[in-house]
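Taking it in order: structure first as structure tokens, then the write-up.
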Amino acid sequence: MELLYKGKTKDVYQDQSGEIILYFKDDMTGKDGVFDPGENQVGLTVEGSGRAGLEMTSFFFEKINAAGIRTHYISADIEAREMRVKKISVFGEGLEVICRYRAVGSFIRRYGNYIEEGAALPAYVETTLKDDARQDPLINEAALEALGILEPGEYEKISDMTVKISELVKDELSRKGLELYDIKLEFGRDAETGEILLIDELSGGNMRVFKDGEAVGPLEIGEYLLN
């Protein structure tokens, strides 16, 4: 297989038939050995986290596809830590879309003068550029269109998809007594059709989850959800 891209938590390959394969590594985002889904650097390596991430991603992507929401997911080989996906093109150099149900993380750091930490939010959607050097800056709909990153109407579609996906994840977690505080998603265009798709992964490393007011670790989320 040909290595196309080496990422923080996944590597992207193309096989001899031209299919795209994501390989899930045991690296996780964070700082000083502490997991943090909001960080843009590898902070720790946890054996088994790649397999667990793919298992949870496969679980959610299959449910999202079944709900009629389009994704790049084709199939997964859990033991090999490989996920086959559709070819896509990203928006600009990449966007991250966050749906927030509680005021925590960077949201409370920005707006702490106006809201109490942990206060409920109504599926609040915000978008950041994938830009490590600038600490993934926030960007709004007008700027995305002015810069040619999104076409008119695409922000609304991505925002609507984000809420639908987040609500699906929130409901699945709630069945296990877990509360979703926030979740980070990525989108791209199908390279063949131009259709907007959910891409990347959807695992414990993408979200903050709590149970009875206590944070649940990214690997523990999968244990609750899949067992």
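The way I read the labels, and the way they are meant: chains A, B, ... in the order of the structure tokens, residue 1 as the first residue of every chain, and ligand 1 as the first ligand shown, with later ones counted on from there.
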
Once you count only C-alpha atoms, what closest atom pair and distance in Å to one decimal does each residue of stretch 157-210 of chain A within 9 Å of stretch 108-130 of chain A have, with rows by chain and rising residue number, as CSV?
```
residue,atom,partner,partner_atom,distance
A:Ser159,CA,A:Val125,CA,6.7
A:Thr162,CA,A:Val125,CA,7.6
A:Val163,CA,A:Ala123,CA,6.6
A:Ser166,CA,A:Ala123,CA,8.1
A:Glu167,CA,A:Ala123,CA,8.3
A:Tyr181,CA,A:Gly118,CA,8.5
A:Asp182,CA,A:Ala123,CA,8.7
```

Save the residues we just selected, all heavy atoms, as a JSON list (two decimals), in the first residue's frame?
```
[["chain", "number", "residue", "atom", "x", "y", "z"],
["A", 159, "SER", "N", -24.06, 22.22, 9.13],
["A", 159, "SER", "CA", -24.58, 22.45, 10.48],
["A", 159, "SER", "C", -25.77, 21.53, 10.78],
["A", 159, "SER", "O", -25.85, 20.94, 11.87],
["A", 159, "SER", "CB", -25.00, 23.92, 10.62],
["A", 159, "SER", "OG", -25.45, 24.18, 11.93],
["A", 162, "THR", "N", -24.51, 18.07, 11.28],
["A", 162, "THR", "CA", -23.81, 17.98, 12.57],
["A", 162, "THR", "C", -24.79, 17.74, 13.70],
["A", 162, "THR", "O", -24.56, 16.88, 14.57],
["A", 162, "THR", "CB", -23.00, 19.26, 12.82],
["A", 162, "THR", "OG1", -21.97, 19.37, 11.84],
["A", 162, "THR", "CG2", -22.38, 19.25, 14.22],
["A", 163, "VAL", "N", -25.89, 18.49, 13.72],
["A", 163, "VAL", "CA", -26.88, 18.33, 14.79],
["A", 163, "VAL", "C", -27.53, 16.94, 14.72],
["A", 163, "VAL", "O", -27.69, 16.27, 15.75],
["A", 163, "VAL", "CB", -27.94, 19.44, 14.73],
["A", 163, "VAL", "CG1", -29.07, 19.17, 15.73],
["A", 163, "VAL", "CG2", -27.30, 20.79, 15.01],
["A", 166, "SER", "N", -24.96, 14.39, 15.89],
["A", 166, "SER", "CA", -24.70, 14.55, 17.32],
["A", 166, "SER", "C", -25.87, 14.04, 18.16],
["A", 166, "SER", "O", -25.67, 13.42, 19.21],
["A", 166, "SER", "CB", -24.41, 16.02, 17.64],
["A", 166, "SER", "OG", -23.29, 16.48, 16.92],
["A", 167, "GLU", "N", -27.09, 14.30, 17.69],
["A", 167, "GLU", "CA", -28.27, 13.80, 18.41],
["A", 167, "GLU", "C", -28.31, 12.28, 18.41],
["A", 167, "GLU", "O", -28.68, 11.65, 19.41],
["A", 167, "GLU", "CB", -29.54, 14.38, 17.79],
["A", 167, "GLU", "CG", -29.76, 15.85, 18.06],
["A", 167, "GLU", "CD", -30.06, 16.14, 19.52],
["A", 167, "GLU", "OE1", -30.83, 15.39, 20.13],
["A", 167, "GLU", "OE2", -29.49, 17.12, 20.05],
["A", 181, "TYR", "N", -21.19, 15.76, 26.31],
["A", 181, "TYR", "CA", -20.98, 17.19, 26.57],
["A", 181, "TYR", "C", -20.65, 17.93, 25.27],
["A", 181, "TYR", "O", -21.15, 19.02, 25.04],
["A", 181, "TYR", "CB", -19.85, 17.39, 27.58],
["A", 181, "TYR", "CG", -20.28, 17.36, 29.02],
["A", 181, "TYR", "CD1", -21.31, 16.53, 29.45],
["A", 181, "TYR", "CD2", -19.65, 18.16, 29.97],
["A", 181, "TYR", "CE1", -21.70, 16.49, 30.79],
["A", 181, "TYR", "CE2", -20.03, 18.14, 31.30],
["A", 181, "TYR", "CZ", -21.06, 17.30, 31.71],
["A", 181, "TYR", "OH", -21.43, 17.29, 33.02],
["A", 182, "ASP", "N", -19.77, 17.36, 24.46],
["A", 182, "ASP", "CA", -19.48, 17.93, 23.14],
["A", 182, "ASP", "C", -18.86, 16.87, 22.25],
["A", 182, "ASP", "O", -18.41, 15.82, 22.72],
["A", 182, "ASP", "CB", -18.60, 19.19, 23.23],
["A", 182, "ASP", "CG", -17.27, 18.97, 23.91],
["A", 182, "ASP", "OD1", -16.68, 17.89, 23.76],
["A", 182, "ASP", "OD2", -16.81, 19.88, 24.62]]
```

Sorted by chain and rising residue number, which residues of stretch 149-202 of chain A lie within 7 Å of stretch 71-81 of chain A, and what are their closest atom pairs and distances in Å to one decimal, counting only C-alpha atoms, as JSON lines?
```
{"residue": "A:Leu197", "atom": "CA", "partner": "A:Thr71", "partner_atom": "CA", "distance": 4.6}
{"residue": "A:Leu198", "atom": "CA", "partner": "A:Thr71", "partner_atom": "CA", "distance": 4.4}
{"residue": "A:Ile199", "atom": "CA", "partner": "A:His72", "partner_atom": "CA", "distance": 5.4}
```

With all heavy atoms retained, could you export that selection as a compact mmCIF listing (two decimals), in the first residue's frame?
```
# COMPACT_ATOMS: atom_id res chain seq x y z
N LEU A 197 -20.11 14.66 2.85
CA LEU A 197 -20.09 13.43 3.64
C LEU A 197 -19.46 13.68 5.00
O LEU A 197 -18.55 14.49 5.13
CB LEU A 197 -19.25 12.35 2.93
CG LEU A 197 -19.57 11.99 1.48
CD1 LEU A 197 -18.54 10.99 0.97
CD2 LEU A 197 -20.98 11.44 1.36
N LEU A 198 -19.92 12.94 6.01
CA LEU A 198 -19.20 12.85 7.27
C LEU A 198 -17.95 12.01 7.02
O LEU A 198 -18.03 10.94 6.40
CB LEU A 198 -20.06 12.17 8.33
CG LEU A 198 -19.38 11.93 9.69
CD1 LEU A 198 -19.12 13.24 10.41
CD2 LEU A 198 -20.23 11.00 10.54
N ILE A 199 -16.79 12.47 7.49
CA ILE A 199 -15.54 11.75 7.22
C ILE A 199 -14.76 11.54 8.52
O ILE A 199 -15.25 11.82 9.61
CB ILE A 199 -14.68 12.51 6.19
CG1 ILE A 199 -14.22 13.87 6.77
CG2 ILE A 199 -15.42 12.70 4.87
CD1 ILE A 199 -13.15 14.56 5.94
```

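Using only C-alpha atoms for every distance, the candidate list A:Glu214, A:Glu55, A:Glu96, A:Glu156 yields A:Glu214 as the residue closest to A:Gly177.
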
Next item on the list: Write out as a PyMOL selection string each polymer residue whose atoms come within 8 Å of stretch 169-176 of chain A, counting only C-alpha atoms; drop sequence neighbours fewer than 6 positions from it.
Entry: chain A and resi 60+224-225

Checklist line | Among the residues A:Asp212, A:Asp200, A:Glu141, A:Glu192, the one that comes closest to A:Gly7 [using only C-alpha atoms] | finding: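 Looking only at the distances to A:Gly7, the closest residue turns out to be A:Asp200.
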
Note to self: What's around A:Glu201 at 8 Å? Count only C-alpha atoms, leave out sequence neighbours fewer than 2 positions away in its own chain, and write the answer as a PyMOL selection string.
What the structure shows: chain A and resi 53-54+57+185+199+203+206
